>>> print(open('input03.cif').read())   # mmCIF, C-alpha atoms
data_query
loop_
_atom_site.label_atom_id
_atom_site.label_comp_id
_atom_site.auth_asym_id
_atom_site.auth_seq_id
_atom_site.Cartn_x
_atom_site.Cartn_y
_atom_site.Cartn_z
CA MET B 1 28.18 -32.14 18.06
CA LYS B 2 24.88 -30.82 16.77
CA ARG B 3 24.84 -27.43 15.13
CA ILE B 4 21.83 -25.10 15.44
CA VAL B 5 20.47 -24.09 12.03
CA LYS B 6 17.23 -22.33 12.99
CA GLN B 7 15.79 -20.63 16.08
CA ALA B 8 12.24 -19.47 16.75
CA VAL B 9 10.12 -17.92 19.46
CA GLY B 10 6.47 -19.02 19.63
CA ILE B 11 4.20 -16.48 21.28
CA ASP B 12 0.63 -17.13 22.42
CA VAL B 13 -0.77 -13.61 22.77
CA ALA B 14 -3.55 -12.70 25.17
CA GLN B 15 -4.89 -9.34 26.32
CA LYS B 16 -2.63 -9.09 29.37
CA GLU B 17 0.13 -11.65 28.84
CA LEU B 18 2.42 -13.34 26.36
CA VAL B 19 3.11 -17.03 26.87
CA VAL B 20 6.39 -17.75 25.12
CA SER B 21 8.31 -20.86 24.07
CA LEU B 22 11.81 -20.85 22.65
CA GLY B 23 12.94 -23.56 20.26
CA ARG B 24 15.65 -24.54 17.84
CA MET B 25 16.29 -26.88 14.94
CA ASN B 26 19.57 -28.75 14.74
CA ASP B 27 21.46 -29.76 11.60
CA ASP B 28 20.07 -33.31 11.96
CA TRP B 29 16.51 -31.78 11.62
CA THR B 30 15.58 -32.49 15.24
CA LEU B 31 13.45 -29.88 16.98
CA GLU B 32 13.93 -28.87 20.57
CA VAL B 33 11.61 -26.65 22.59
CA TYR B 34 13.84 -25.76 25.51
CA ALA B 35 12.49 -22.72 27.36
CA HIS B 36 9.15 -21.25 28.46
CA LYS B 37 8.23 -18.00 30.14
CA THR B 38 5.32 -15.60 30.54
CA PHE B 39 5.61 -11.85 30.01
CA ARG B 40 3.19 -8.95 30.39
CA ASN B 41 1.67 -7.66 27.16
CA THR B 42 3.22 -4.21 27.69
CA GLU B 43 6.27 -2.41 26.38
CA LYS B 44 8.22 -3.39 29.53
CA GLY B 45 7.19 -6.99 28.88
CA PHE B 46 8.38 -6.74 25.27
CA ILE B 47 11.77 -5.46 26.39
CA SER B 48 12.05 -8.31 28.93
CA LEU B 49 11.04 -10.82 26.25
CA VAL B 50 13.73 -9.68 23.81
CA SER B 51 16.36 -9.65 26.58
CA TRP B 52 15.36 -13.19 27.68
CA VAL B 53 15.55 -14.47 24.10
CA LYS B 54 19.00 -12.92 23.61
CA LYS B 55 20.29 -14.62 26.77
CA LEU B 56 19.02 -18.08 25.80
CA SER B 57 19.59 -18.13 22.04
CA GLN B 58 22.72 -18.49 19.96
CA ALA B 59 23.77 -15.08 18.63
CA GLU B 60 25.14 -16.40 15.29
CA VAL B 61 21.77 -17.87 14.21
CA PRO B 62 18.87 -15.47 13.55
CA VAL B 63 15.78 -15.82 15.74
CA ARG B 64 12.30 -15.63 14.20
CA TYR B 65 9.41 -14.44 16.37
CA VAL B 66 6.13 -16.17 15.46
CA MET B 67 2.68 -15.26 16.79
CA GLU B 68 -0.98 -15.62 15.92
CA ALA B 69 -3.04 -12.65 14.78
CA THR B 70 -5.28 -12.40 17.85
CA GLY B 71 -7.75 -9.59 17.31
CA VAL B 72 -5.80 -6.46 18.21
CA TYR B 73 -3.82 -7.87 21.15
CA HIS B 74 -0.82 -8.89 19.04
CA GLU B 75 -0.45 -5.54 17.28
CA CYS B 76 1.62 -3.65 19.88
CA LEU B 77 4.18 -6.47 20.11
CA ALA B 78 4.29 -6.83 16.32
CA TYR B 79 4.90 -3.09 15.88
CA PHE B 80 7.57 -3.17 18.62
CA LEU B 81 9.45 -6.08 17.01
CA ASP B 82 9.11 -4.54 13.55
CA GLU B 83 10.56 -1.23 14.78
CA LYS B 84 13.57 -3.14 16.16
CA SER B 85 13.97 -5.03 12.82
CA TYR B 86 13.50 -8.53 14.26
CA GLU B 87 12.43 -11.37 12.00
CA LEU B 88 8.70 -11.63 12.62
CA THR B 89 5.82 -13.68 11.28
CA VAL B 90 2.18 -13.12 12.18
CA VAL B 91 0.10 -16.19 11.31
CA LEU B 92 -3.65 -16.47 10.88
CA PRO B 93 -5.25 -18.43 13.75
CA ASN B 94 -6.78 -21.04 11.42
CA LYS B 95 -3.30 -22.03 10.19
CA ILE B 96 -2.04 -22.58 13.74
CA SER B 97 -5.25 -24.40 14.67
CA SER B 98 -4.89 -26.76 11.69
CA PHE B 99 -1.22 -27.32 12.52
CA MET B 100 -2.07 -28.10 16.16
CA LYS B 101 -4.43 -30.86 15.00
CA THR B 102 -1.43 -32.65 13.48
CA LEU B 103 0.38 -32.69 16.82
CA ASP B 104 -0.29 -35.23 19.53
CA LEU B 105 -1.69 -32.77 22.07
CA LYS B 106 -3.96 -34.10 24.81
CA THR B 107 -5.02 -30.69 26.10
CA VAL B 108 -4.60 -27.19 24.77
CA THR B 109 -3.21 -24.63 27.19
CA ASP B 110 -1.44 -21.33 26.60
CA LYS B 111 1.88 -23.16 27.07
CA THR B 112 1.06 -25.95 24.59
CA ALA B 113 -0.22 -23.33 22.14
CA SER B 114 3.08 -21.43 22.33
CA GLU B 115 4.95 -24.73 21.85
CA ALA B 116 2.85 -25.47 18.75
CA ILE B 117 3.53 -21.97 17.41
CA VAL B 118 7.31 -22.36 17.89
CA ARG B 119 7.19 -25.78 16.18
CA PHE B 120 5.25 -24.21 13.30
CA GLY B 121 7.94 -21.53 13.06
CA LEU B 122 10.73 -24.10 13.01
CA GLU B 123 9.11 -26.46 10.51
CA ARG B 124 7.92 -23.89 7.97
CA LYS B 125 9.62 -21.35 5.75
CA LEU B 126 7.75 -18.22 6.79
CA GLU B 127 7.37 -14.77 5.28
CA ASN B 128 8.42 -11.67 7.18
CA TRP B 129 5.57 -9.56 8.54
CA LYS B 130 5.64 -5.90 7.65
CA ARG B 131 3.61 -3.14 9.22
CA PRO B 132 0.58 -2.33 7.04
CA PRO B 133 0.28 1.16 5.58
CA THR B 134 -1.58 3.67 7.80
CA VAL B 135 -4.48 3.83 5.35
CA PHE B 136 -5.31 0.16 6.05
CA LYS B 137 -5.45 0.80 9.79
CA LYS B 138 -7.85 3.71 9.19
CA LEU B 139 -9.99 1.59 6.87
CA LYS B 140 -10.11 -1.21 9.46
CA GLN B 141 -11.32 1.21 12.15
CA LEU B 142 -13.92 2.76 9.84
CA THR B 143 -15.16 -0.71 8.89
CA ARG B 144 -15.55 -1.65 12.57
CA GLU B 145 -17.46 1.58 13.26
CA ARG B 146 -19.74 1.00 10.26
CA GLU B 147 -20.47 -2.56 11.38
CA GLN B 148 -21.40 -1.32 14.86
CA ILE B 149 -23.73 1.34 13.42
CA ILE B 150 -25.44 -1.25 11.20
CA GLN B 151 -25.96 -3.56 14.20
CA ASP B 152 -27.42 -0.69 16.25
CA ARG B 153 -29.71 0.32 13.37
CA THR B 154 -30.95 -3.25 12.91
CA GLY B 155 -31.71 -3.56 16.63
CA THR B 156 -33.62 -0.27 16.62
CA LYS B 157 -35.61 -1.27 13.51
CA ASN B 158 -36.52 -4.59 15.16
CA GLN B 159 -37.72 -2.78 18.31
CA LEU B 160 -39.86 -0.37 16.24
CA HIS B 161 -41.35 -3.24 14.23
CA ALA B 162 -42.19 -5.16 17.42
CA GLU B 163 -43.90 -2.10 18.94
CA ARG B 164 -45.98 -1.46 15.78
CA ALA B 165 -46.98 -5.13 15.57
CA GLU B 166 -48.24 -5.28 19.21
CA ALA B 167 -51.94 -5.73 19.90
CA GLU B 168 -51.94 -2.37 21.68
CA PRO B 169 -49.01 -0.31 20.34
CA ASN B 170 -47.83 2.86 22.12
CA ASP B 171 -48.56 6.08 20.28
#
>>> encode(input="input03.cif", output="structure tokens")
Amino acid sequence: MKRIVKQAVGIDVAQKELVVSLGRMNDDWTLEVYAHKTFRNTEKGFISLVSWVKKLSQAEVPVRYVMEATGVYHECLAYFLDEKSYELTVVLPNKISSFMKTLDLKTVTDKTASEAIVRFGLERKLENWKRPPTVFKKLKQLTREREQIIQDRTGTKNQLHAERAEAEPND
């Protein structure tokens, strides 16, 4: 009988939903993606997700949650899982994208993306994600605000230049 040596949850995160695949690796190194489900990207959805995973996974083998860093949409789930001390890895999208190219996927859907993420989690030795210090969150927000101000300033300068360069500028 095969023994499970590793379990992972692959999560494709979107603004309103989480498309999830559950997989395991057996002691003969075979991978099996055996369950799929969609949850809301809300705290109630997170609670349902964890409950669903507990029901379908083997309690003796730790489960690693793996997701892409998708803008800000993954942050609430990542913070939730971190608070509950679950094994969690947040992967840069380019790593998942490169990994997906190695798979024999005909089309990319949310479901196939979550399957690729769970396979990535099963095949790789991944680092645990830890919540960044508050100062980094503040710096990130300030950087976004600065970028927006620079874009607005550039647009305004371009409008002023265009008006001054007209054949009959407004005074």
>>> resolve_selection(input="input03.cif", expression="the PyMOL selection byres ((chain B and resi 31) around 12)", output="list in words")
Lys2, Arg3, Ile4, Val5, Lys6, Gln7, Ala8, Leu22, Gly23, Arg24, Met25, Asn26, Asp27, Asp28, Trp29, Thr30, Glu32, Val33, Tyr34, Glu115, Ala116, Val118, Arg119, Phe120, Gly121, Leu122 and Glu123 of chain B
>>> atom_distance(input="input03.cif", atom1="atom CA of B:Phe80", atom2="atom CA of B:Val19")
16.7 Å
>>> closest_residue(input="input03.cif", among="B:Val135, B:Met100, B:Leu77, B:Ala35", to="B:Gln15", atoms="only C-alpha atoms")
B:Leu77
>>> atom_distance(input="input03.cif", atom1="atom CA of B:Ile149", atom2="atom CA of B:Glu163")
21.2 Å
>>> atom_distance(input="input03.cif", atom1="atom CA of B:Lys37", atom2="atom CA of B:Ser21")
6.7 Å
>>> resolve_selection(input="input03.cif", expression="the PyMOL selection byres ((chain B and resi 62) around 10)", output="ChimeraX atom specification")
/B:5-8,57-61,63-65,86-87
>>> write_last_selection(input="input03.cif", atoms="C-alpha atoms", output="mmCIF file, in the frame of the given file")
data_model
loop_
_atom_site.group_PDB
_atom_site.id
_atom_site.type_symbol
_atom_site.label_atom_id
_atom_site.label_comp_id
_atom_site.auth_asym_id
_atom_site.auth_seq_id
_atom_site.Cartn_x
_atom_site.Cartn_y
_atom_site.Cartn_z
ATOM 1 C CA VAL B 5 20.470 -24.090 12.030
ATOM 2 C CA LYS B 6 17.230 -22.330 12.990
ATOM 3 C CA GLN B 7 15.790 -20.630 16.080
ATOM 4 C CA ALA B 8 12.240 -19.470 16.750
ATOM 5 C CA SER B 57 19.590 -18.130 22.040
ATOM 6 C CA GLN B 58 22.720 -18.490 19.960
ATOM 7 C CA ALA B 59 23.770 -15.080 18.630
ATOM 8 C CA GLU B 60 25.140 -16.400 15.290
ATOM 9 C CA VAL B 61 21.770 -17.870 14.210
ATOM 10 C CA VAL B 63 15.780 -15.820 15.740
ATOM 11 C CA ARG B 64 12.300 -15.630 14.200
ATOM 12 C CA TYR B 65 9.410 -14.440 16.370
ATOM 13 C CA TYR B 86 13.500 -8.530 14.260
ATOM 14 C CA GLU B 87 12.430 -11.370 12.000
#
>>> resolve_selection(input="input03.cif", expression="the PyMOL selection byres ((chain B and resi 42-52) around 9)", output="MDAnalysis selection string")
chainID B and resid 16:18 20 37:41 53:57 76:77 80:81
>>> closest_residue(input="input03.cif", among="B:Leu103, B:Gly71, B:Asp110, B:Thr134", to="B:Val91", atoms="all atoms listed in the file")
B:Gly71
>>> axis_aligned_box(input="input03.cif", around="stretch 140-152 of chain B", padding_each_side="6 Å", output="JSON")
{"center_x": -18.8, "center_y": -0.4, "center_z": 12.6, "size_x": 29.3, "size_y": 18.3, "size_z": 19.4}
>>> residues_around(input="input03.cif", residues="B:Lys101", least_positions_apart="5", cutoff="12 Å", atoms="only C-alpha atoms", output="list in words")
Asn94, Lys95, Ile96, Lys106, Thr107, Val108, Ala113, Ala116 and Phe120 of chain B
>>> closest_residue(input="input03.cif", among="B:Asp12, B:Glu145, B:Glu168, B:Glu75", to="B:His36", atoms="all atoms listed in the file")
B:Asp12
